[in-house]
Amino acid sequence: MTAAFPRVLVVEDEDNIAIALEFLITREGYGHDRVATGSEALPRIRATRPDLVLLDVMLPELSGYDICAGIRTDPALAAVKVLMMTARGSALERRRGIELGADGFISKPFELKDLRAEVRRLLAP
């Protein structure tokens, strides 16, 4: 069951970043939801099956890496795209995210145009 427009789940504990992400997502015409802790993420993803998860790496309770691994080990979530975001954008961090199955990786602070391009790429039919 696919919605008429893509749905994005923002998993971000910093309100100011989440607000900017939600603004961008709304402007692009996508539906969105948000959780602020790692422990809320997988249950919400399983319940709502978003098309894309914007996933912060450093979260309270459960890391973005753990959440990404949880998504990728659940066959029911195979179609969910994952864009990881981190303030520690080293090559090692990026490689770890990709190895766990992330579809993309963006370093904070990011330019909105770069984020928009990544979101569009991942949600392209």
# chains A, B, ... in the order shown; residues from 1 in each chain; ligands from 1

$ residues_around --residues "Asp51 (chain A)" --least-positions-apart "4" --cutoff "8 Å" --atoms "only C-alpha atoms" --output "short mmCIF file (atom, residue, chain, number, x, y, z; two decimals) with C-alpha atoms, in the first residue's frame"
data_model
loop_
_atom_site.label_atom_id
_atom_site.label_comp_id
_atom_site.auth_asym_id
_atom_site.auth_seq_id
_atom_site.Cartn_x
_atom_site.Cartn_y
_atom_site.Cartn_z
CA PRO A 6 5.79 9.94 -0.34
CA ARG A 7 5.88 9.84 3.45
CA VAL A 8 9.02 10.74 5.35
CA ALA A 79 11.32 -0.90 0.62
CA VAL A 80 12.06 1.78 3.26
CA LYS A 81 14.87 4.12 2.16
CA LEU A 123 12.17 9.13 -3.48
#

$ residues_around --residues "Arg121 (chain A)" --least-positions-apart "4" --cutoff "12 Å" --atoms "only C-alpha atoms" --output "ChimeraX atom specification"
/A:52,81-83,103-104,114-117,125

$ write_last_selection --atoms "all heavy atoms" --output "PDB file, in the first residue's frame"
ATOM      1  N   LEU A  52      10.695   7.004   3.262  1.00  0.00           N
ATOM      2  CA  LEU A  52      12.054   7.440   3.565  1.00  0.00           C
ATOM      3  C   LEU A  52      12.156   7.764   5.053  1.00  0.00           C
ATOM      4  O   LEU A  52      11.251   8.364   5.621  1.00  0.00           O
ATOM      5  CB  LEU A  52      12.401   8.695   2.743  1.00  0.00           C
ATOM      6  CG  LEU A  52      13.725   9.397   3.049  1.00  0.00           C
ATOM      7  CD1 LEU A  52      14.926   8.512   2.708  1.00  0.00           C
ATOM      8  CD2 LEU A  52      13.822  10.713   2.285  1.00  0.00           C
ATOM      9  N   LYS A  81      13.574   3.496   2.430  1.00  0.00           N
ATOM     10  CA  LYS A  81      14.871   4.119   2.164  1.00  0.00           C
ATOM     11  C   LYS A  81      15.361   4.799   3.443  1.00  0.00           C
ATOM     12  O   LYS A  81      14.552   5.316   4.224  1.00  0.00           O
ATOM     13  CB  LYS A  81      14.763   5.176   1.065  1.00  0.00           C
ATOM     14  CG  LYS A  81      14.242   4.650  -0.249  1.00  0.00           C
ATOM     15  CD  LYS A  81      15.296   3.872  -0.958  1.00  0.00           C
ATOM     16  CE  LYS A  81      14.830   3.536  -2.363  1.00  0.00           C
ATOM     17  NZ  LYS A  81      15.666   2.545  -2.988  1.00  0.00           N
ATOM     18  N   VAL A  82      16.692   4.823   3.637  1.00  0.00           N
ATOM     19  CA  VAL A  82      17.280   5.430   4.829  1.00  0.00           C
ATOM     20  C   VAL A  82      18.348   6.430   4.414  1.00  0.00           C
ATOM     21  O   VAL A  82      19.293   6.083   3.705  1.00  0.00           O
ATOM     22  CB  VAL A  82      17.913   4.355   5.753  1.00  0.00           C
ATOM     23  CG1 VAL A  82      18.575   5.017   6.962  1.00  0.00           C
ATOM     24  CG2 VAL A  82      16.871   3.334   6.198  1.00  0.00           C
ATOM     25  N   LEU A  83      18.181   7.682   4.864  1.00  0.00           N
ATOM     26  CA  LEU A  83      19.191   8.719   4.673  1.00  0.00           C
ATOM     27  C   LEU A  83      19.721   9.072   6.052  1.00  0.00           C
ATOM     28  O   LEU A  83      18.993   9.620   6.881  1.00  0.00           O
ATOM     29  CB  LEU A  83      18.605   9.956   3.993  1.00  0.00           C
ATOM     30  CG  LEU A  83      19.558  11.135   3.804  1.00  0.00           C
ATOM     31  CD1 LEU A  83      20.775  10.748   2.968  1.00  0.00           C
ATOM     32  CD2 LEU A  83      18.836  12.315   3.169  1.00  0.00           C
ATOM     33  N   ASP A 103      20.854   4.137   2.470  1.00  0.00           N
ATOM     34  CA  ASP A 103      20.790   4.461   1.041  1.00  0.00           C
ATOM     35  C   ASP A 103      21.532   5.751   0.727  1.00  0.00           C
ATOM     36  O   ASP A 103      21.823   6.040  -0.434  1.00  0.00           O
ATOM     37  CB  ASP A 103      19.328   4.595   0.605  1.00  0.00           C
ATOM     38  CG  ASP A 103      18.587   3.287   0.804  1.00  0.00           C
ATOM     39  OD1 ASP A 103      18.827   2.355   0.008  1.00  0.00           O
ATOM     40  OD2 ASP A 103      17.794   3.179   1.753  1.00  0.00           O
ATOM     41  N   GLY A 104      21.803   6.541   1.757  1.00  0.00           N
ATOM     42  CA  GLY A 104      22.510   7.793   1.576  1.00  0.00           C
ATOM     43  C   GLY A 104      23.017   8.288   2.911  1.00  0.00           C
ATOM     44  O   GLY A 104      22.623   7.783   3.969  1.00  0.00           O
ATOM     45  N   ASP A 114      21.349  20.584  -0.806  1.00  0.00           N
ATOM     46  CA  ASP A 114      21.970  19.256  -0.857  1.00  0.00           C
ATOM     47  C   ASP A 114      21.024  18.204  -0.274  1.00  0.00           C
ATOM     48  O   ASP A 114      20.876  17.117  -0.827  1.00  0.00           O
ATOM     49  CB  ASP A 114      23.293  19.237  -0.088  1.00  0.00           C
ATOM     50  CG  ASP A 114      24.340  20.143  -0.718  1.00  0.00           C
ATOM     51  OD1 ASP A 114      24.238  20.438  -1.933  1.00  0.00           O
ATOM     52  OD2 ASP A 114      25.258  20.572   0.008  1.00  0.00           O
ATOM     53  N   LEU A 115      20.396  18.546   0.832  1.00  0.00           N
ATOM     54  CA  LEU A 115      19.444  17.625   1.444  1.00  0.00           C
ATOM     55  C   LEU A 115      18.258  17.399   0.508  1.00  0.00           C
ATOM     56  O   LEU A 115      17.823  16.266   0.303  1.00  0.00           O
ATOM     57  CB  LEU A 115      18.964  18.160   2.794  1.00  0.00           C
ATOM     58  CG  LEU A 115      17.947  17.263   3.491  1.00  0.00           C
ATOM     59  CD1 LEU A 115      18.573  15.932   3.888  1.00  0.00           C
ATOM     60  CD2 LEU A 115      17.367  17.945   4.703  1.00  0.00           C
ATOM     61  N   ARG A 116      17.744  18.468  -0.080  1.00  0.00           N
ATOM     62  CA  ARG A 116      16.616  18.359  -1.005  1.00  0.00           C
ATOM     63  C   ARG A 116      16.972  17.421  -2.156  1.00  0.00           C
ATOM     64  O   ARG A 116      16.189  16.562  -2.545  1.00  0.00           O
ATOM     65  CB  ARG A 116      16.225  19.732  -1.546  1.00  0.00           C
ATOM     66  CG  ARG A 116      15.013  19.684  -2.462  1.00  0.00           C
ATOM     67  CD  ARG A 116      14.633  21.037  -3.049  1.00  0.00           C
ATOM     68  NE  ARG A 116      14.435  22.053  -2.036  1.00  0.00           N
ATOM     69  CZ  ARG A 116      15.216  23.141  -1.901  1.00  0.00           C
ATOM     70  NH1 ARG A 116      16.225  23.354  -2.710  1.00  0.00           N
ATOM     71  NH2 ARG A 116      14.954  24.023  -0.961  1.00  0.00           N
ATOM     72  N   ALA A 117      18.183  17.570  -2.698  1.00  0.00           N
ATOM     73  CA  ALA A 117      18.617  16.724  -3.821  1.00  0.00           C
ATOM     74  C   ALA A 117      18.688  15.262  -3.400  1.00  0.00           C
ATOM     75  O   ALA A 117      18.262  14.374  -4.150  1.00  0.00           O
ATOM     76  CB  ALA A 117      19.973  17.203  -4.340  1.00  0.00           C
ATOM     77  N   PRO A 125      10.803   7.736  -8.462  1.00  0.00           N
ATOM     78  CA  PRO A 125      10.167   6.446  -8.816  1.00  0.00           C
ATOM     79  C   PRO A 125      11.118   5.527  -9.572  1.00  0.00           C
ATOM     80  O   PRO A 125      12.051   5.909 -10.167  1.00  0.00           O
ATOM     81  CB  PRO A 125       8.981   6.838  -9.692  1.00  0.00           C
ATOM     82  CG  PRO A 125       8.994   8.312  -9.840  1.00  0.00           C
ATOM     83  CD  PRO A 125      10.147   8.863  -9.083  1.00  0.00           C
TER      84      PRO A 125
END

$ select_by_dssp --residues "chain A" --states "helix (DSSP H, G or I)" --output "PyMOL selection string"
chain A and resi 15-27+38-48+64-72+75-77+91-99+112-123

$ closest_residue --among "A:Asp33, A:Glu22, A:Glu111, A:Glu28" --to "Leu9 (chain A)" --atoms "only C-alpha atoms"
A:Asp33

$ residues_around --residues "Leu21 (chain A)" --least-positions-apart "3" --cutoff "9 Å" --atoms "only C-alpha atoms" --output "ChimeraX atom specification"
/A:10,16-18,24-26,54,112,115

$ select_by_dssp --residues "region 43-88 of chain A" --states "strand (DSSP E or B)" --output "VMD selection string"
chain A and resid 52 to 56 81 to 86

$ closest_residue --among "A:Glu61, A:Asp74, A:Asp56, A:Asp66" --to "Ile106 (chain A)" --atoms "only C-alpha atoms"
A:Asp56

$ residues_around --residues "Met85 (chain A)" --least-positions-apart "5" --cutoff "12 Å" --atoms "only C-alpha atoms" --output "CSV table (one decimal) with all heavy atoms, in the first residue's frame"
chain,number,residue,atom,x,y,z
A,10,VAL,N,11.1,11.6,10.1
A,10,VAL,CA,12.2,12.3,10.7
A,10,VAL,C,12.6,11.7,12.0
A,10,VAL,O,11.7,11.7,12.9
A,10,VAL,CB,12.0,13.8,10.8
A,10,VAL,CG1,13.2,14.5,11.4
A,10,VAL,CG2,11.7,14.4,9.4
A,11,VAL,N,13.8,11.2,12.2
A,11,VAL,CA,14.2,10.7,13.5
A,11,VAL,C,15.4,11.6,13.9
A,11,VAL,O,16.5,11.4,13.5
A,11,VAL,CB,14.7,9.2,13.4
A,11,VAL,CG1,15.1,8.7,14.8
A,11,VAL,CG2,13.6,8.3,12.8
A,12,GLU,N,15.0,12.6,14.7
A,12,GLU,CA,16.0,13.7,15.1
A,12,GLU,C,15.6,14.2,16.4
A,12,GLU,O,14.5,14.5,16.7
A,12,GLU,CB,15.9,14.8,14.0
A,12,GLU,CG,16.7,16.0,14.3
A,12,GLU,CD,18.2,15.8,14.5
A,12,GLU,OE1,18.8,15.5,13.5
A,12,GLU,OE2,18.7,16.0,15.6
A,13,ASP,N,16.6,14.2,17.3
A,13,ASP,CA,16.4,14.7,18.7
A,13,ASP,C,16.5,16.2,18.9
A,13,ASP,O,16.1,16.7,19.9
A,13,ASP,CB,17.3,13.9,19.7
A,13,ASP,CG,18.7,14.1,19.4
A,13,ASP,OD1,19.2,14.1,18.3
A,13,ASP,OD2,19.5,14.2,20.4
A,17,ILE,N,16.8,21.4,14.3
A,17,ILE,CA,17.1,20.6,13.0
A,17,ILE,C,15.8,20.0,12.5
A,17,ILE,O,15.5,20.0,11.3
A,17,ILE,CB,18.2,19.6,13.3
A,17,ILE,CG1,19.5,20.3,13.6
A,17,ILE,CG2,18.4,18.7,12.0
A,17,ILE,CD1,20.6,19.4,14.0
A,18,ALA,N,15.0,19.4,13.4
A,18,ALA,CA,13.8,18.7,13.0
A,18,ALA,C,12.8,19.7,12.4
A,18,ALA,O,12.2,19.4,11.4
A,18,ALA,CB,13.1,18.0,14.2
A,21,LEU,N,14.0,20.4,8.9
A,21,LEU,CA,13.7,19.2,8.0
A,21,LEU,C,12.2,19.1,7.7
A,21,LEU,O,11.9,18.9,6.5
A,21,LEU,CB,14.1,17.9,8.7
A,21,LEU,CG,15.7,17.8,8.9
A,21,LEU,CD1,15.9,16.6,9.8
A,21,LEU,CD2,16.4,17.6,7.6
A,53,VAL,N,13.3,7.4,5.6
A,53,VAL,CA,13.6,7.8,7.0
A,53,VAL,C,14.8,8.7,7.0
A,53,VAL,O,15.9,8.3,6.5
A,53,VAL,CB,13.9,6.5,7.9
A,53,VAL,CG1,14.2,6.9,9.3
A,53,VAL,CG2,12.7,5.6,7.9
A,54,LEU,N,14.7,9.9,7.5
A,54,LEU,CA,15.8,10.8,7.7
A,54,LEU,C,16.3,10.5,9.1
A,54,LEU,O,15.6,10.8,10.1
A,54,LEU,CB,15.4,12.3,7.6
A,54,LEU,CG,15.0,12.7,6.2
A,54,LEU,CD1,14.6,14.2,6.2
A,54,LEU,CD2,16.1,12.5,5.2
A,55,LEU,N,17.4,9.9,9.2
A,55,LEU,CA,17.9,9.2,10.5
A,55,LEU,C,19.1,9.8,11.0
A,55,LEU,O,20.2,9.7,10.4
A,55,LEU,CB,18.1,7.7,10.2
A,55,LEU,CG,18.5,6.8,11.3
A,55,LEU,CD1,17.5,6.9,12.5
A,55,LEU,CD2,18.6,5.4,10.8
A,56,ASP,N,19.0,10.5,12.2
A,56,ASP,CA,20.2,11.0,12.8
A,56,ASP,C,21.0,9.9,13.4
A,56,ASP,O,20.4,8.9,13.8
A,56,ASP,CB,19.7,12.0,14.0
A,56,ASP,CG,20.9,12.7,14.6
A,56,ASP,OD1,22.0,12.8,14.0
A,56,ASP,OD2,20.7,13.3,15.7
A,57,VAL,N,22.3,10.0,13.4
A,57,VAL,CA,23.1,8.9,13.9
A,57,VAL,C,23.2,8.9,15.4
A,57,VAL,O,23.0,7.9,16.1
A,57,VAL,CB,24.6,9.0,13.4
A,57,VAL,CG1,25.5,8.0,14.1
A,57,VAL,CG2,24.6,8.7,11.9
A,58,MET,N,23.3,10.1,16.0
A,58,MET,CA,23.5,10.2,17.5
A,58,MET,C,22.1,10.6,18.1
A,58,MET,O,21.7,11.7,18.0
A,58,MET,CB,24.5,11.2,17.8
A,58,MET,CG,25.9,10.8,17.3
A,58,MET,SD,27.2,11.9,17.7
A,58,MET,CE,27.2,11.8,19.5
A,59,LEU,N,21.5,9.6,18.7
A,59,LEU,CA,20.2,9.7,19.3
A,59,LEU,C,20.1,9.2,20.7
A,59,LEU,O,20.9,8.3,21.1
A,59,LEU,CB,19.1,8.9,18.5
A,59,LEU,CG,18.8,9.4,17.1
A,59,LEU,CD1,18.1,8.2,16.3
A,59,LEU,CD2,17.9,10.6,17.1
A,63,SER,N,21.1,4.2,18.8
A,63,SER,CA,21.8,4.9,17.8
A,63,SER,C,21.1,4.7,16.4
A,63,SER,O,20.4,3.7,16.2
A,63,SER,CB,23.3,4.5,17.7
A,63,SER,OG,23.4,3.4,16.9
A,64,GLY,N,21.4,5.7,15.5
A,64,GLY,CA,20.9,5.6,14.2
A,64,GLY,C,21.4,4.3,13.5
A,64,GLY,O,20.7,3.7,12.7
A,65,TYR,N,22.6,3.9,13.8
A,65,TYR,CA,23.2,2.7,13.3
A,65,TYR,C,22.4,1.5,13.7
A,65,TYR,O,22.1,0.6,12.8
A,65,TYR,CB,24.7,2.5,13.7
A,65,TYR,CG,25.6,3.6,13.2
A,65,TYR,CD1,26.4,4.3,14.0
A,65,TYR,CD2,25.7,3.8,11.8
A,65,TYR,CE1,27.3,5.2,13.5
A,65,TYR,CE2,26.6,4.8,11.3
A,65,TYR,CZ,27.4,5.5,12.2
A,65,TYR,OH,28.2,6.4,11.7
A,68,CYS,N,19.1,1.6,11.7
A,68,CYS,CA,19.3,1.2,10.3
A,68,CYS,C,19.5,-0.3,10.2
A,68,CYS,O,18.8,-0.9,9.4
A,68,CYS,CB,20.5,1.9,9.8
A,68,CYS,SG,20.8,1.7,8.0
A,90,SER,N,32.8,11.8,9.0
A,90,SER,CA,34.0,11.2,8.6
A,90,SER,C,33.8,10.1,7.6
A,90,SER,O,32.7,9.5,7.5
A,90,SER,CB,34.9,10.7,9.7
A,90,SER,OG,34.2,9.5,10.3
A,93,GLU,N,32.5,7.0,9.4
A,93,GLU,CA,31.1,7.0,9.8
A,93,GLU,C,30.2,6.7,8.6
A,93,GLU,O,29.3,6.0,8.6
A,93,GLU,CB,30.7,8.4,10.3
A,93,GLU,CG,31.4,8.9,11.5
A,93,GLU,CD,30.8,8.4,12.8
A,93,GLU,OE1,29.5,8.4,12.8
A,93,GLU,OE2,31.5,8.0,13.7
A,94,ARG,N,30.6,7.3,7.4
A,94,ARG,CA,29.8,7.1,6.2
A,94,ARG,C,29.9,5.6,5.8
A,94,ARG,O,28.9,5.0,5.5
A,94,ARG,CB,30.4,8.0,5.1
A,94,ARG,CG,29.8,7.9,3.7
A,94,ARG,CD,30.4,8.8,2.7
A,94,ARG,NE,30.3,10.2,3.1
A,94,ARG,CZ,29.4,11.0,2.8
A,94,ARG,NH1,28.4,10.6,1.9
A,94,ARG,NH2,29.4,12.2,3.2
A,97,GLY,N,27.7,3.5,8.0
A,97,GLY,CA,26.3,3.6,7.6
A,97,GLY,C,25.9,2.9,6.3
A,97,GLY,O,24.9,2.2,6.3
A,98,ILE,N,26.7,3.0,5.3
A,98,ILE,CA,26.5,2.3,4.0
A,98,ILE,C,26.6,0.8,4.2
A,98,ILE,O,25.7,0.1,3.7
A,98,ILE,CB,27.5,2.8,2.9
A,98,ILE,CG1,27.3,4.3,2.7
A,98,ILE,CG2,27.3,2.0,1.7
A,98,ILE,CD1,26.0,4.8,2.3
A,102,ALA,N,22.3,1.8,4.8
A,102,ALA,CA,21.8,3.2,4.5
A,102,ALA,C,21.9,3.4,3.0
A,102,ALA,O,22.8,3.0,2.3
A,102,ALA,CB,22.6,4.2,5.2
A,103,ASP,N,20.9,4.1,2.5
A,103,ASP,CA,20.8,4.5,1.0
A,103,ASP,C,21.5,5.8,0.7
A,103,ASP,O,21.8,6.0,-0.4
A,103,ASP,CB,19.3,4.6,0.6
A,103,ASP,CG,18.6,3.3,0.8
A,103,ASP,OD1,18.8,2.4,0.0
A,103,ASP,OD2,17.8,3.2,1.8
A,104,GLY,N,21.8,6.5,1.8
A,104,GLY,CA,22.5,7.8,1.6
A,104,GLY,C,23.0,8.3,2.9
A,104,GLY,O,22.6,7.8,4.0
A,105,PHE,N,23.9,9.3,2.9
A,105,PHE,CA,24.5,9.8,4.1
A,105,PHE,C,24.8,11.3,3.8
A,105,PHE,O,25.3,11.6,2.8
A,105,PHE,CB,25.9,9.0,4.3
A,105,PHE,CG,26.4,9.0,5.7
A,105,PHE,CD1,26.1,8.0,6.5
A,105,PHE,CD2,27.1,10.1,6.2
A,105,PHE,CE1,26.5,7.9,7.8
A,105,PHE,CE2,27.6,10.0,7.5
A,105,PHE,CZ,27.3,9.0,8.3
A,106,ILE,N,24.4,12.1,4.8
A,106,ILE,CA,24.7,13.5,4.6
A,106,ILE,C,25.2,14.1,6.0
A,106,ILE,O,24.8,13.6,7.0
A,106,ILE,CB,23.4,14.3,4.2
A,106,ILE,CG1,23.7,15.7,3.7
A,106,ILE,CG2,22.3,14.3,5.3
A,106,ILE,CD1,22.6,16.3,2.9
A,107,SER,N,26.2,14.9,5.9
A,107,SER,CA,26.9,15.5,7.1
A,107,SER,C,26.2,16.8,7.5
A,107,SER,O,25.8,17.6,6.7
A,107,SER,CB,28.3,15.8,6.8
A,107,SER,OG,29.0,14.6,6.4
A,108,LYS,N,26.1,16.9,8.8
A,108,LYS,CA,25.5,18.2,9.4
A,108,LYS,C,26.7,19.1,9.7
A,108,LYS,O,27.8,18.6,10.1
A,108,LYS,CB,24.8,17.9,10.7
A,108,LYS,CG,23.6,17.1,10.6
A,108,LYS,CD,23.1,17.0,12.1
A,108,LYS,CE,22.0,15.9,12.2
A,108,LYS,NZ,21.7,15.7,13.6
A,109,PRO,N,26.6,20.4,9.6
A,109,PRO,CA,25.4,21.1,9.0
A,109,PRO,C,25.3,20.9,7.5
A,109,PRO,O,26.4,20.9,6.9
A,109,PRO,CB,25.6,22.5,9.4
A,109,PRO,CG,27.1,22.7,9.5
A,109,PRO,CD,27.6,21.3,9.9
A,110,PHE,N,24.2,20.7,7.0
A,110,PHE,CA,24.0,20.5,5.6
A,110,PHE,C,23.3,21.7,4.9
A,110,PHE,O,22.6,22.4,5.6
A,110,PHE,CB,23.2,19.2,5.2
A,110,PHE,CG,22.0,19.0,6.1
A,110,PHE,CD1,20.9,19.7,6.0
A,110,PHE,CD2,22.1,18.0,7.1
A,110,PHE,CE1,19.8,19.5,6.8
A,110,PHE,CE2,21.0,17.8,8.0
A,110,PHE,CZ,19.9,18.6,7.8
A,115,LEU,N,20.4,18.5,0.8
A,115,LEU,CA,19.4,17.6,1.4
A,115,LEU,C,18.3,17.4,0.5
A,115,LEU,O,17.8,16.3,0.3
A,115,LEU,CB,19.0,18.2,2.8
A,115,LEU,CG,17.9,17.3,3.5
A,115,LEU,CD1,18.6,15.9,3.9
A,115,LEU,CD2,17.4,17.9,4.7
A,118,GLU,N,19.2,15.0,-2.2
A,118,GLU,CA,19.3,13.6,-1.7
A,118,GLU,C,17.9,13.0,-1.5
A,118,GLU,O,17.6,11.9,-1.9
A,118,GLU,CB,20.1,13.5,-0.4
A,118,GLU,CG,21.5,13.4,-0.6
A,118,GLU,CD,21.9,12.0,-1.2
A,118,GLU,OE1,21.9,11.0,-0.6
A,118,GLU,OE2,22.1,12.0,-2.4
A,119,VAL,N,17.0,13.8,-0.9
A,119,VAL,CA,15.6,13.3,-0.7
A,119,VAL,C,14.9,13.0,-2.0
A,119,VAL,O,14.3,12.0,-2.2
A,119,VAL,CB,14.8,14.3,0.2
A,119,VAL,CG1,13.3,14.0,0.2
A,119,VAL,CG2,15.4,14.4,1.6

$ residues_around --residues "Ala47 (chain A)" --least-positions-apart "2" --cutoff "12 Å" --atoms "only C-alpha atoms" --output "list in words"
Leu9, Asp33, Glu40, Ala41, Leu42, Pro43, Arg44, Ile45, Arg49, Pro50, Ala76 and Leu77 of chain A
